[in-house]
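Dumped data17.cif below, it's mmCIF, C-alpha atoms:
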```cif
data_final
#
loop_
_atom_site.label_atom_id
_atom_site.label_comp_id
_atom_site.auth_asym_id
_atom_site.auth_seq_id
_atom_site.Cartn_x
_atom_site.Cartn_y
_atom_site.Cartn_z
CA MET B 128 15.59 -12.82 3.67
CA THR B 129 12.80 -15.13 4.71
CA GLU B 130 9.09 -14.51 5.10
CA ALA B 131 9.54 -14.21 8.88
CA GLN B 132 11.97 -11.30 8.39
CA ARG B 133 9.54 -9.18 6.35
CA THR B 134 7.73 -6.90 8.77
CA PRO B 135 3.99 -7.02 8.01
CA LEU B 136 2.49 -3.71 6.89
CA ILE B 137 -1.16 -2.78 7.37
CA ALA B 138 -1.86 0.36 5.33
CA GLY B 139 -5.08 2.37 5.21
CA ASN B 140 -5.90 4.21 1.99
CA TRP B 141 -8.49 6.83 2.93
CA LYS B 142 -9.01 7.92 -0.69
CA MET B 143 -11.09 11.16 -0.82
CA ASN B 144 -12.41 10.92 2.72
CA PHE B 145 -11.77 12.91 5.93
CA ASP B 146 -10.87 16.59 6.13
CA HIS B 147 -7.84 17.59 8.21
CA LEU B 148 -9.79 17.81 11.45
CA GLN B 149 -11.29 14.37 10.94
CA ALA B 150 -7.82 13.07 10.10
CA ILE B 151 -6.42 14.36 13.39
CA ALA B 152 -9.27 12.78 15.35
CA PHE B 153 -8.87 9.45 13.55
CA VAL B 154 -5.09 9.18 14.00
CA GLN B 155 -5.35 10.19 17.66
CA LYS B 156 -7.98 7.54 18.33
CA LEU B 157 -6.12 4.87 16.34
CA ALA B 158 -2.89 5.55 18.24
CA TRP B 159 -4.74 5.50 21.57
CA MET B 160 -6.55 2.23 20.77
CA LEU B 161 -3.40 0.46 19.60
CA GLY B 162 -1.35 1.84 22.47
CA ASP B 163 -3.97 0.76 25.00
CA ALA B 164 -3.88 -2.72 23.45
CA LYS B 165 -0.06 -2.69 23.73
CA HIS B 166 0.36 -3.16 19.99
CA ASP B 167 3.98 -3.73 18.94
CA PHE B 168 4.51 -1.42 15.96
CA ASP B 169 7.85 -3.10 15.22
CA ASP B 170 6.02 -6.40 14.85
CA VAL B 171 3.26 -5.07 12.56
CA GLU B 172 3.84 -1.68 10.91
CA VAL B 173 0.89 0.69 10.56
CA ALA B 174 0.54 3.37 7.87
CA VAL B 175 -2.23 5.69 6.71
CA PHE B 176 -2.64 7.49 3.40
CA PRO B 177 -4.69 10.66 3.94
CA PRO B 178 -5.77 13.17 1.27
CA PHE B 179 -3.06 15.74 0.45
CA THR B 180 -4.85 18.47 2.43
CA ASP B 181 -4.58 16.40 5.63
CA LEU B 182 -0.90 15.54 5.48
CA ARG B 183 0.49 18.58 7.29
CA SER B 184 -1.98 18.06 10.14
CA VAL B 185 -1.09 14.37 10.38
CA GLN B 186 2.63 15.22 10.33
CA THR B 187 2.23 17.75 13.15
CA LEU B 188 0.28 15.29 15.29
CA VAL B 189 2.63 12.36 14.67
CA GLN B 190 5.70 14.43 15.46
CA ALA B 191 4.26 16.25 18.49
CA ASP B 192 2.95 13.08 20.13
CA LYS B 193 5.76 10.85 18.81
CA LEU B 194 3.24 8.42 17.36
CA PRO B 195 4.69 5.25 15.77
CA ILE B 196 2.37 5.52 12.76
CA ALA B 197 3.76 6.00 9.25
CA TYR B 198 1.96 7.93 6.55
CA GLY B 199 2.23 8.76 2.88
CA GLY B 200 0.71 10.38 -0.18
CA GLN B 201 -1.99 8.81 -2.31
CA ASP B 202 -0.27 9.86 -5.55
CA LEU B 203 2.49 12.11 -6.86
CA SER B 204 3.52 13.90 -10.02
CA THR B 205 6.02 12.50 -12.49
CA HIS B 206 7.69 15.94 -12.26
CA ALA B 207 9.78 17.30 -9.39
CA LEU B 208 8.93 20.98 -9.95
CA GLY B 209 7.46 23.26 -12.59
CA ALA B 210 4.36 24.56 -14.31
CA TYR B 211 2.11 21.60 -13.54
CA THR B 212 -1.03 23.10 -12.01
CA GLY B 213 -2.74 20.90 -9.46
CA GLU B 214 0.02 18.29 -9.25
CA ILE B 215 1.98 17.31 -6.15
CA SER B 216 5.75 16.86 -6.18
CA GLY B 217 7.37 13.97 -4.37
CA ARG B 218 9.73 16.56 -2.89
CA PHE B 219 6.77 18.22 -1.17
CA LEU B 220 5.67 14.89 0.30
CA LYS B 221 9.17 14.23 1.57
CA LYS B 222 9.25 17.66 3.24
CA LEU B 223 6.13 16.56 5.15
CA ASP B 224 8.11 13.51 6.33
CA CYS B 225 6.02 11.07 4.34
CA THR B 226 7.54 7.60 4.26
CA TYR B 227 5.45 6.16 1.45
CA CYS B 228 3.56 7.15 -1.67
CA ILE B 229 0.95 5.06 -3.48
CA VAL B 230 1.72 4.65 -7.18
CA GLY B 231 -0.51 3.18 -9.86
CA HIS B 232 -3.67 2.63 -7.84
CA SER B 233 -6.43 1.15 -9.99
CA GLU B 234 -8.49 4.31 -9.62
CA ARG B 235 -5.61 6.26 -11.14
CA ARG B 236 -4.99 3.67 -13.86
CA TYR B 237 -8.61 3.42 -14.98
CA ARG B 238 -10.28 6.71 -14.02
CA HIS B 239 -7.29 8.89 -14.90
CA VAL B 240 -6.02 6.67 -17.71
CA GLU B 241 -2.54 6.24 -16.26
CA SER B 242 -0.47 3.95 -18.47
CA ASP B 243 2.21 1.52 -17.37
CA GLU B 244 4.73 4.10 -18.61
CA THR B 245 3.20 6.75 -16.33
CA VAL B 246 3.29 4.38 -13.37
CA ALA B 247 6.96 3.64 -14.10
CA ALA B 248 7.69 7.39 -14.23
CA LYS B 249 5.88 7.93 -10.92
CA THR B 250 7.76 5.05 -9.32
CA LYS B 251 11.01 6.66 -10.44
CA ALA B 252 9.86 10.08 -9.18
CA ALA B 253 9.00 8.63 -5.77
CA LEU B 254 12.41 7.00 -5.44
CA GLU B 255 14.18 10.19 -6.53
CA ALA B 256 12.30 12.03 -3.75
CA GLU B 257 13.46 9.34 -1.28
CA LEU B 258 9.95 8.01 -0.78
CA VAL B 259 9.08 4.31 -0.69
CA PRO B 260 6.71 3.67 -3.60
CA LEU B 261 3.75 1.41 -2.85
CA ILE B 262 3.15 0.04 -6.34
CA CYS B 263 -0.40 -1.15 -6.98
CA VAL B 264 -1.18 -3.81 -9.57
CA GLY B 265 -4.32 -5.75 -10.35
CA GLU B 266 -6.72 -6.99 -13.01
CA THR B 267 -10.29 -6.08 -13.88
CA ALA B 268 -13.06 -8.66 -14.33
CA LYS B 269 -12.60 -8.34 -18.12
CA ASP B 270 -8.86 -8.91 -17.76
CA LEU B 271 -9.61 -12.02 -15.76
CA GLU B 272 -11.84 -13.35 -18.54
CA ARG B 273 -9.18 -12.79 -21.19
CA HIS B 274 -6.03 -13.78 -19.34
CA GLU B 275 -4.81 -16.04 -16.58
CA PRO B 276 -5.19 -14.40 -13.13
CA SER B 277 -1.57 -13.30 -12.70
CA ALA B 278 -0.90 -12.11 -16.28
CA VAL B 279 -2.03 -8.48 -16.05
CA PRO B 280 -0.61 -7.68 -12.58
CA ALA B 281 2.68 -9.36 -13.51
CA ASN B 282 3.00 -7.23 -16.66
CA GLN B 283 2.06 -4.10 -14.72
CA LEU B 284 4.78 -4.81 -12.16
CA ARG B 285 7.41 -5.49 -14.82
CA GLY B 286 6.61 -2.12 -16.35
CA ALA B 287 6.79 -0.29 -13.02
CA LEU B 288 10.22 -1.76 -12.23
CA LEU B 289 11.91 -0.67 -15.48
CA ASP B 290 14.00 2.05 -13.82
CA VAL B 291 14.31 0.41 -10.40
CA LYS B 292 17.68 -0.92 -9.26
CA PRO B 293 18.27 -4.12 -7.30
CA GLY B 294 18.19 -3.57 -3.55
CA THR B 295 15.69 -0.72 -3.78
CA ASP B 296 13.07 -0.48 -1.05
CA PHE B 297 9.51 -0.60 -2.41
CA VAL B 298 6.21 -2.28 -1.59
CA VAL B 299 3.83 -4.04 -3.97
CA ALA B 300 0.07 -4.19 -3.45
CA TYR B 301 -1.97 -6.73 -5.39
CA GLU B 302 -5.47 -5.30 -5.67
CA PRO B 303 -7.80 -7.21 -7.98
CA VAL B 304 -10.05 -4.45 -9.31
CA TRP B 305 -13.04 -6.78 -9.35
CA ALA B 306 -12.73 -7.19 -5.56
CA ILE B 307 -12.22 -3.56 -4.51
CA GLY B 308 -15.25 -2.30 -2.61
CA SER B 309 -17.30 -5.28 -3.75
CA GLY B 310 -17.50 -7.06 -0.44
CA ALA B 311 -16.30 -10.16 -2.31
CA PRO B 312 -12.52 -10.41 -1.89
CA ALA B 313 -10.22 -12.82 -3.63
CA THR B 314 -9.72 -16.03 -1.71
CA PRO B 315 -6.44 -16.40 0.17
CA GLU B 316 -5.48 -19.08 -2.37
CA GLN B 317 -6.09 -16.73 -5.30
CA ALA B 318 -4.16 -13.93 -3.61
CA GLN B 319 -1.24 -16.22 -2.74
CA ASN B 320 -1.00 -17.56 -6.28
CA VAL B 321 -0.72 -14.06 -7.73
CA ALA B 322 1.62 -12.86 -4.96
CA SER B 323 4.01 -15.73 -5.64
CA VAL B 324 4.11 -14.79 -9.32
CA LEU B 325 4.75 -11.14 -8.42
CA ARG B 326 7.67 -12.18 -6.23
CA ARG B 327 9.12 -14.13 -9.17
CA VAL B 328 8.72 -11.04 -11.36
CA ILE B 329 10.77 -9.03 -8.85
CA ALA B 330 13.45 -11.73 -8.85
CA GLN B 331 13.56 -11.78 -12.66
CA SER B 332 13.46 -8.00 -13.04
CA LEU B 333 15.91 -7.23 -10.23
CA ASP B 334 17.35 -10.09 -8.20
CA GLU B 335 16.48 -12.82 -5.72
CA GLU B 336 17.59 -10.81 -2.68
CA THR B 337 15.34 -7.89 -3.56
CA ALA B 338 12.46 -10.28 -4.19
CA ALA B 339 12.96 -11.94 -0.82
CA LYS B 340 12.89 -8.67 1.12
CA THR B 341 10.06 -6.92 -0.74
CA ARG B 342 6.71 -6.83 1.02
CA ILE B 343 3.67 -7.79 -1.04
CA LEU B 344 0.28 -6.69 0.26
CA TYR B 345 -3.22 -7.80 -0.65
CA GLY B 346 -5.99 -5.24 -1.13
CA GLY B 347 -9.63 -5.61 -2.05
CA SER B 348 -12.49 -5.84 0.48
CA VAL B 349 -10.13 -6.57 3.39
CA LYS B 350 -12.02 -6.81 6.69
CA PRO B 351 -11.33 -7.92 10.26
CA ASP B 352 -12.98 -11.27 9.57
CA ASN B 353 -10.84 -12.17 6.53
CA ILE B 354 -7.42 -10.62 7.23
CA VAL B 355 -6.05 -13.68 9.03
CA GLY B 356 -6.63 -15.91 6.00
CA PHE B 357 -4.54 -13.59 3.83
CA MET B 358 -1.80 -13.21 6.42
CA LYS B 359 -1.35 -16.98 6.60
CA CYS B 360 -0.18 -16.94 2.97
CA PRO B 361 3.62 -17.16 2.70
CA ASP B 362 3.96 -14.45 0.05
CA ILE B 363 1.49 -11.94 1.54
CA ASP B 364 3.03 -9.52 4.01
CA GLY B 365 0.14 -7.21 4.83
CA ALA B 366 -2.86 -5.41 3.44
CA LEU B 367 -3.80 -2.20 1.69
CA VAL B 368 -7.16 -1.49 3.28
CA GLY B 369 -9.77 0.77 1.70
CA THR B 370 -13.29 1.03 3.11
CA ALA B 371 -12.47 -0.67 6.41
CA SER B 372 -9.64 1.83 7.02
CA LEU B 373 -12.27 4.56 7.52
CA ASP B 374 -13.68 2.74 10.56
CA VAL B 375 -11.15 3.08 13.37
CA ASP B 376 -12.42 0.02 15.23
CA ALA B 377 -12.29 -2.16 12.12
CA PHE B 378 -8.88 -0.87 11.07
CA ALA B 379 -7.40 -1.35 14.55
CA SER B 380 -8.76 -4.90 14.54
CA ILE B 381 -7.12 -5.59 11.18
CA VAL B 382 -3.82 -4.23 12.51
CA ARG B 383 -4.10 -6.56 15.50
CA TYR B 384 -4.86 -9.64 13.38
CA LYS B 385 -2.28 -11.70 15.28
CA LYS B 386 -4.41 -11.44 18.43
CA HIS B 387 -7.19 -13.45 16.84
CA ALA B 388 -5.12 -15.71 14.58
CA THR B 389 -4.69 -19.43 15.04
CA TYR B 390 -1.82 -21.00 13.14
#
```

Here is a file; write its structure as structure tokens.
Amino acid sequence: MTEAQRTPLIAGNWKMNFDHLQAIAFVQKLAWMLGDAKHDFDDVEVAVFPPFTDLRSVQTLVQADKLPIAYGGQDLSTHALGAYTGEISGRFLKKLDCTYCIVGHSERRYRHVESDETVAAKTKAALEAELVPLICVGETAKDLERHEPSAVPANQLRGALLDVKPGTDFVVAYEPVWAIGSGAPATPEQAQNVASVLRRVIAQSLDEETAAKTRILYGGSVKPDNIVGFMKCPDIDGALVGTASLDVDAFASIVRYKKHATY
């Protein structure tokens, strides 16, 4: 599979923002704006990752209005069921018709001390629930000082893929921690260099065919005015958008990056 055959994915991670009423209003407006602009959702896929409390409302809206917007959970438990107070099973997310689930986001790795082993277990749990894991990898500023730029994310990805079989559908998001929310993103060249290494890791861990079909996203201070530079990179197939995904105008503009791209 070539680069041209990987459908770009623009995903908005809302983090702990928007209650369920705000979520409904946002998704309605996003769908209206993109529909009015005649956006081709088969050409560039759109997904949002609301807080858990919003998911049922988003599901109801998407199904009732037949909106071509995908959605997913921001995290999941390593366990399917049981006495795990406060955790969310992948089975529950699947029952809400989630397509995706974020796994190993830097805020989970560093603020909740999730190890590579935990991320691998969550990746496995997502796949067992028939969700597509969106596996996040990335280095801190300290990591960058100690290692070459791709070393930490490459090792994180190897760990996450331990129980993954060739041919499995998953997405990888390279999010340099030093760029998230900083307003100072990686350069397209930096992002491409790491993305190419991550694709080689997939080929080595699984096989070349899986590596060729897997979408690799960039995340970290993505905005309407820098998305085109990232999307010109041969190994970058979309973006995991944080802050800008909370602004419907900005997010819609990022989704429609092809309209203001010159190649």

Using all atoms listed in the file, what table do you get, as JSON lines, when you list each residue of segment 171-233 of chain B with an atom no more than 12 Å from segment 297-313 of chain B, its nearest pair of atoms, and their distance in Å rounded to one decimal, rows by chain then rising number?
```
{"residue": "B:Thr226", "atom": "CA", "partner": "B:Phe297", "partner_atom": "CA", "distance": 10.8}
{"residue": "B:Tyr227", "atom": "CA", "partner": "B:Phe297", "partner_atom": "CA", "distance": 8.8}
{"residue": "B:Cys228", "atom": "CA", "partner": "B:Val298", "partner_atom": "CA", "distance": 9.8}
{"residue": "B:Ile229", "atom": "CA", "partner": "B:Val298", "partner_atom": "CA", "distance": 9.2}
{"residue": "B:Val230", "atom": "CA", "partner": "B:Val299", "partner_atom": "CA", "distance": 9.5}
{"residue": "B:Gly231", "atom": "CA", "partner": "B:Ala300", "partner_atom": "CA", "distance": 9.8}
{"residue": "B:His232", "atom": "CA", "partner": "B:Glu302", "partner_atom": "CA", "distance": 8.4}
{"residue": "B:Ser233", "atom": "CA", "partner": "B:Val304", "partner_atom": "CA", "distance": 6.7}
```

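Put simply, the PyMOL selection byres ((chain B and resi 372) around 9) in this file takes in Ala138, Gly139, Asn140, Trp141, Val175, Lys350, Leu367, Val368, Gly369, Thr370, Ala371, Leu373, Asp374, Val375, Asp376, Ala377, Phe378, Ala379 and Ile381 of chain B.
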
Just the selected residues (C-alpha atoms), exported as a PDB file, keeping the file's coordinate frame, please.
```
ATOM      1  CA  ALA B 138      -1.860   0.360   5.330  1.00  0.00           C
ATOM      2  CA  GLY B 139      -5.080   2.370   5.210  1.00  0.00           C
ATOM      3  CA  ASN B 140      -5.900   4.210   1.990  1.00  0.00           C
ATOM      4  CA  TRP B 141      -8.490   6.830   2.930  1.00  0.00           C
ATOM      5  CA  VAL B 175      -2.230   5.690   6.710  1.00  0.00           C
ATOM      6  CA  LYS B 350     -12.020  -6.810   6.690  1.00  0.00           C
ATOM      7  CA  LEU B 367      -3.800  -2.200   1.690  1.00  0.00           C
ATOM      8  CA  VAL B 368      -7.160  -1.490   3.280  1.00  0.00           C
ATOM      9  CA  GLY B 369      -9.770   0.770   1.700  1.00  0.00           C
ATOM     10  CA  THR B 370     -13.290   1.030   3.110  1.00  0.00           C
ATOM     11  CA  ALA B 371     -12.470  -0.670   6.410  1.00  0.00           C
ATOM     12  CA  LEU B 373     -12.270   4.560   7.520  1.00  0.00           C
ATOM     13  CA  ASP B 374     -13.680   2.740  10.560  1.00  0.00           C
ATOM     14  CA  VAL B 375     -11.150   3.080  13.370  1.00  0.00           C
ATOM     15  CA  ASP B 376     -12.420   0.020  15.230  1.00  0.00           C
ATOM     16  CA  ALA B 377     -12.290  -2.160  12.120  1.00  0.00           C
ATOM     17  CA  PHE B 378      -8.880  -0.870  11.070  1.00  0.00           C
ATOM     18  CA  ALA B 379      -7.400  -1.350  14.550  1.00  0.00           C
ATOM     19  CA  ILE B 381      -7.120  -5.590  11.180  1.00  0.00           C
TER      20      ILE B 381
END
```

Please determine, counting only C-alpha atoms, which residue among B:Gly365, B:Pro315, B:Gly286, B:Pro351 has the shortest atom-to-atom distance to Val328 of chain B.
B:Gly286

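Residues selected in this file by the PyMOL selection byres ((chain B and resi 178-195) around 8) comprise Trp141, Lys142, Met143, Asn144, Phe145, Asp146, His147, Leu148, Ala150, Ile151, Val154, Gln155, Ala158, Phe168, Val173, Phe176, Pro177, Ile196, Ala197, Gly199, Gly200, Gln201, Leu223 and Asp224 of chain B.
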
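One finds atom CA of Cys360 of chain B at 20.9 Å from atom CA of Ala174 of chain B.
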
How would you write, as number ranges by chain, the residues chosen by the PyMOL selection byres ((chain B and resi 325) around 12) on this structure?
B: 262-265, 276-285, 287-288, 298-301, 318-324, 326-333, 338-339, 341-345, 362-363

Contacts of Lys385 of chain B at 12 Å or less, counting only C-alpha atoms, minus same-chain residues fewer than 3 places along, as a ChimeraX atom specification?
/B:135,137,166-167,170-171,351,354-359,365,379-382,388-390

Please provide as a PyMOL selection string all residues within 6 Å of Thr205 of chain B, with the sequence filter that same-chain residues fewer than 2 positions apart are discarded (counting all atoms listed in the file).
chain B and resi 248-249+252

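Shortest atom-to-atom contact with His239 of chain B among B:Asp202, B:Lys292, B:Gly346, B:Met160: B:Asp202, counting all atoms listed in the file.
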
Computed gap from atom CA of Thr295 of chain B to atom CA of Leu258 of chain B is 10.9 Å

Pick out the residues sitting within 10 Å of Ile215 of chain B, and hand them over as a list of chain:residue names; count all atoms listed in the file, and ignore anything fewer than 2 positions along from it in its own chain.
B:Phe179, B:Gly200, B:Asp202, B:Leu203, B:Ser204, B:Thr205, B:His206, B:Ala207, B:Leu208, B:Tyr211, B:Thr212, B:Gly213, B:Gly217, B:Arg218, B:Phe219, B:Leu220

Please report the interatomic distance between atom CA of Val240 of chain B and atom CA of Ala268 of chain B in Å with one decimal.
17.2 Å

Enclose segment 163-172 of chain B, meaning all of its atoms listed in the file, in a box aligned along x, y and z, pad it by 3 Å on each side, and list the centre and edge lengths in Å to one decimal, as JSON.
```
{"center_x": 1.9, "center_y": -2.8, "center_z": 18.0, "size_x": 17.8, "size_y": 13.2, "size_z": 20.1}
```

Any chance you could turn segment 217-330 of chain B into a file with C-alpha atoms, as a PDB file, in the first residue's frame?
```pdb
ATOM      1  CA  GLY B 217     -13.232  -1.332  25.940  1.00  0.00           C
ATOM      2  CA  ARG B 218     -16.420  -3.383  25.677  1.00  0.00           C
ATOM      3  CA  PHE B 219     -18.409  -0.392  26.935  1.00  0.00           C
ATOM      4  CA  LEU B 220     -16.797   1.863  24.329  1.00  0.00           C
ATOM      5  CA  LYS B 221     -17.619  -0.628  21.602  1.00  0.00           C
ATOM      6  CA  LYS B 222     -21.260  -0.734  22.733  1.00  0.00           C
ATOM      7  CA  LEU B 223     -21.321   3.041  22.151  1.00  0.00           C
ATOM      8  CA  ASP B 224     -20.129   2.360  18.589  1.00  0.00           C
ATOM      9  CA  CYS B 225     -16.737   3.939  19.155  1.00  0.00           C
ATOM     10  CA  THR B 226     -14.335   3.258  16.303  1.00  0.00           C
ATOM     11  CA  TYR B 227     -11.131   4.303  18.040  1.00  0.00           C
ATOM     12  CA  CYS B 228      -9.537   4.550  21.456  1.00  0.00           C
ATOM     13  CA  ILE B 229      -6.461   6.586  22.361  1.00  0.00           C
ATOM     14  CA  VAL B 230      -3.785   4.510  24.089  1.00  0.00           C
ATOM     15  CA  GLY B 231      -0.631   5.734  25.786  1.00  0.00           C
ATOM     16  CA  HIS B 232      -1.167   9.483  25.508  1.00  0.00           C
ATOM     17  CA  SER B 233       1.714  11.390  27.088  1.00  0.00           C
ATOM     18  CA  GLU B 234      -0.584  12.737  29.786  1.00  0.00           C
ATOM     19  CA  ARG B 235      -1.378   9.154  30.771  1.00  0.00           C
ATOM     20  CA  ARG B 236       2.253   8.052  30.538  1.00  0.00           C
ATOM     21  CA  TYR B 237       3.659  10.892  32.637  1.00  0.00           C
ATOM     22  CA  ARG B 238       0.816  12.094  34.875  1.00  0.00           C
ATOM     23  CA  HIS B 239      -0.583   8.627  35.560  1.00  0.00           C
ATOM     24  CA  VAL B 240       2.754   6.819  35.352  1.00  0.00           C
ATOM     25  CA  GLU B 241       1.647   4.375  32.665  1.00  0.00           C
ATOM     26  CA  SER B 242       4.539   2.116  31.687  1.00  0.00           C
ATOM     27  CA  ASP B 243       5.243   0.657  28.271  1.00  0.00           C
ATOM     28  CA  GLU B 244       3.851  -2.622  29.647  1.00  0.00           C
ATOM     29  CA  THR B 245       0.585  -0.886  30.579  1.00  0.00           C
ATOM     30  CA  VAL B 246       0.337   0.699  27.141  1.00  0.00           C
ATOM     31  CA  ALA B 247       0.888  -2.729  25.550  1.00  0.00           C
ATOM     32  CA  ALA B 248      -1.873  -4.198  27.745  1.00  0.00           C
ATOM     33  CA  LYS B 249      -4.239  -1.368  26.789  1.00  0.00           C
ATOM     34  CA  THR B 250      -3.430  -1.830  23.109  1.00  0.00           C
ATOM     35  CA  LYS B 251      -4.288  -5.511  23.470  1.00  0.00           C
ATOM     36  CA  ALA B 252      -7.487  -4.673  25.383  1.00  0.00           C
ATOM     37  CA  ALA B 253      -8.594  -2.253  22.665  1.00  0.00           C
ATOM     38  CA  LEU B 254      -8.054  -4.840  19.943  1.00  0.00           C
ATOM     39  CA  GLU B 255      -9.896  -7.507  21.935  1.00  0.00           C
ATOM     40  CA  ALA B 256     -12.856  -5.091  22.177  1.00  0.00           C
ATOM     41  CA  GLU B 257     -12.684  -4.601  18.387  1.00  0.00           C
ATOM     42  CA  LEU B 258     -11.582  -0.993  18.713  1.00  0.00           C
ATOM     43  CA  VAL B 259      -8.821   0.585  16.636  1.00  0.00           C
ATOM     44  CA  PRO B 260      -6.099   1.679  19.063  1.00  0.00           C
ATOM     45  CA  LEU B 261      -4.564   5.081  18.400  1.00  0.00           C
ATOM     46  CA  ILE B 262      -1.151   4.511  19.966  1.00  0.00           C
ATOM     47  CA  CYS B 263       0.607   7.675  21.116  1.00  0.00           C
ATOM     48  CA  VAL B 264       4.391   7.878  21.358  1.00  0.00           C
ATOM     49  CA  GLY B 265       6.740  10.777  21.937  1.00  0.00           C
ATOM     50  CA  GLU B 266       9.731  12.110  23.844  1.00  0.00           C
ATOM     51  CA  THR B 267      10.107  14.779  26.504  1.00  0.00           C
ATOM     52  CA  ALA B 268      12.654  17.594  26.307  1.00  0.00           C
ATOM     53  CA  LYS B 269      14.889  15.616  28.701  1.00  0.00           C
ATOM     54  CA  ASP B 270      14.586  12.531  26.508  1.00  0.00           C
ATOM     55  CA  LEU B 271      15.634  14.638  23.549  1.00  0.00           C
ATOM     56  CA  GLU B 272      18.752  15.792  25.402  1.00  0.00           C
ATOM     57  CA  ARG B 273      19.764  12.244  26.292  1.00  0.00           C
ATOM     58  CA  HIS B 274      18.852  10.361  23.128  1.00  0.00           C
ATOM     59  CA  GLU B 275      18.505  10.835  19.400  1.00  0.00           C
ATOM     60  CA  PRO B 276      15.056  12.211  18.455  1.00  0.00           C
ATOM     61  CA  SER B 277      13.488   8.920  17.350  1.00  0.00           C
ATOM     62  CA  ALA B 278      14.920   6.657  20.084  1.00  0.00           C
ATOM     63  CA  VAL B 279      12.246   7.014  22.775  1.00  0.00           C
ATOM     64  CA  PRO B 280       9.163   6.969  20.501  1.00  0.00           C
ATOM     65  CA  ALA B 281      10.589   3.993  18.594  1.00  0.00           C
ATOM     66  CA  ASN B 282      11.090   2.023  21.813  1.00  0.00           C
ATOM     67  CA  GLN B 283       7.613   2.991  23.024  1.00  0.00           C
ATOM     68  CA  LEU B 284       6.083   1.726  19.792  1.00  0.00           C
ATOM     69  CA  ARG B 285       8.014  -1.546  19.901  1.00  0.00           C
ATOM     70  CA  GLY B 286       6.659  -2.131  23.385  1.00  0.00           C
ATOM     71  CA  ALA B 287       3.077  -1.339  22.393  1.00  0.00           C
ATOM     72  CA  LEU B 288       3.185  -3.791  19.482  1.00  0.00           C
ATOM     73  CA  LEU B 289       4.338  -6.824  21.503  1.00  0.00           C
ATOM     74  CA  ASP B 290       0.955  -8.583  21.325  1.00  0.00           C
ATOM     75  CA  VAL B 291      -0.156  -7.165  17.978  1.00  0.00           C
ATOM     76  CA  LYS B 292      -0.380  -9.451  14.956  1.00  0.00           C
ATOM     77  CA  PRO B 293       0.587  -8.546  11.387  1.00  0.00           C
ATOM     78  CA  GLY B 294      -2.305  -7.093   9.419  1.00  0.00           C
ATOM     79  CA  THR B 295      -3.923  -5.529  12.488  1.00  0.00           C
ATOM     80  CA  ASP B 296      -5.580  -2.143  12.042  1.00  0.00           C
ATOM     81  CA  PHE B 297      -4.124   0.512  14.349  1.00  0.00           C
ATOM     82  CA  VAL B 298      -3.016   4.137  14.157  1.00  0.00           C
ATOM     83  CA  VAL B 299       0.176   5.679  15.541  1.00  0.00           C
ATOM     84  CA  ALA B 300       0.421   9.277  16.724  1.00  0.00           C
ATOM     85  CA  TYR B 301       3.847  10.850  17.170  1.00  0.00           C
ATOM     86  CA  GLU B 302       3.436  13.577  19.772  1.00  0.00           C
ATOM     87  CA  PRO B 303       6.681  15.133  20.991  1.00  0.00           C
ATOM     88  CA  VAL B 304       5.836  16.043  24.582  1.00  0.00           C
ATOM     89  CA  TRP B 305       7.953  19.181  24.385  1.00  0.00           C
ATOM     90  CA  ALA B 306       5.690  20.493  21.594  1.00  0.00           C
ATOM     91  CA  ILE B 307       2.255  19.716  23.069  1.00  0.00           C
ATOM     92  CA  GLY B 308       0.461  22.920  23.986  1.00  0.00           C
ATOM     93  CA  SER B 309       3.670  24.910  23.650  1.00  0.00           C
ATOM     94  CA  GLY B 310       2.795  26.781  20.497  1.00  0.00           C
ATOM     95  CA  ALA B 311       6.158  25.593  19.157  1.00  0.00           C
ATOM     96  CA  PRO B 312       5.577  22.432  17.110  1.00  0.00           C
ATOM     97  CA  ALA B 313       8.206  20.169  15.656  1.00  0.00           C
ATOM     98  CA  THR B 314       9.221  21.146  12.155  1.00  0.00           C
ATOM     99  CA  PRO B 315       7.816  19.038   9.324  1.00  0.00           C
ATOM    100  CA  GLU B 316      11.342  17.715   8.777  1.00  0.00           C
ATOM    101  CA  GLN B 317      11.654  16.617  12.409  1.00  0.00           C
ATOM    102  CA  ALA B 318       8.223  14.990  12.323  1.00  0.00           C
ATOM    103  CA  GLN B 319       8.940  13.197   9.045  1.00  0.00           C
ATOM    104  CA  ASN B 320      12.262  11.845  10.302  1.00  0.00           C
ATOM    105  CA  VAL B 321      10.622  10.301  13.358  1.00  0.00           C
ATOM    106  CA  ALA B 322       7.587   9.063  11.392  1.00  0.00           C
ATOM    107  CA  SER B 323       9.843   7.244   8.935  1.00  0.00           C
ATOM    108  CA  VAL B 324      11.597   5.494  11.817  1.00  0.00           C
ATOM    109  CA  LEU B 325       8.237   4.536  13.343  1.00  0.00           C
ATOM    110  CA  ARG B 326       7.161   3.007  10.037  1.00  0.00           C
ATOM    111  CA  ARG B 327      10.356   0.940  10.006  1.00  0.00           C
ATOM    112  CA  VAL B 328       9.604  -0.201  13.556  1.00  0.00           C
ATOM    113  CA  ILE B 329       6.194  -1.450  12.408  1.00  0.00           C
ATOM    114  CA  ALA B 330       7.827  -3.292   9.507  1.00  0.00           C
TER     115      ALA B 330
END
```
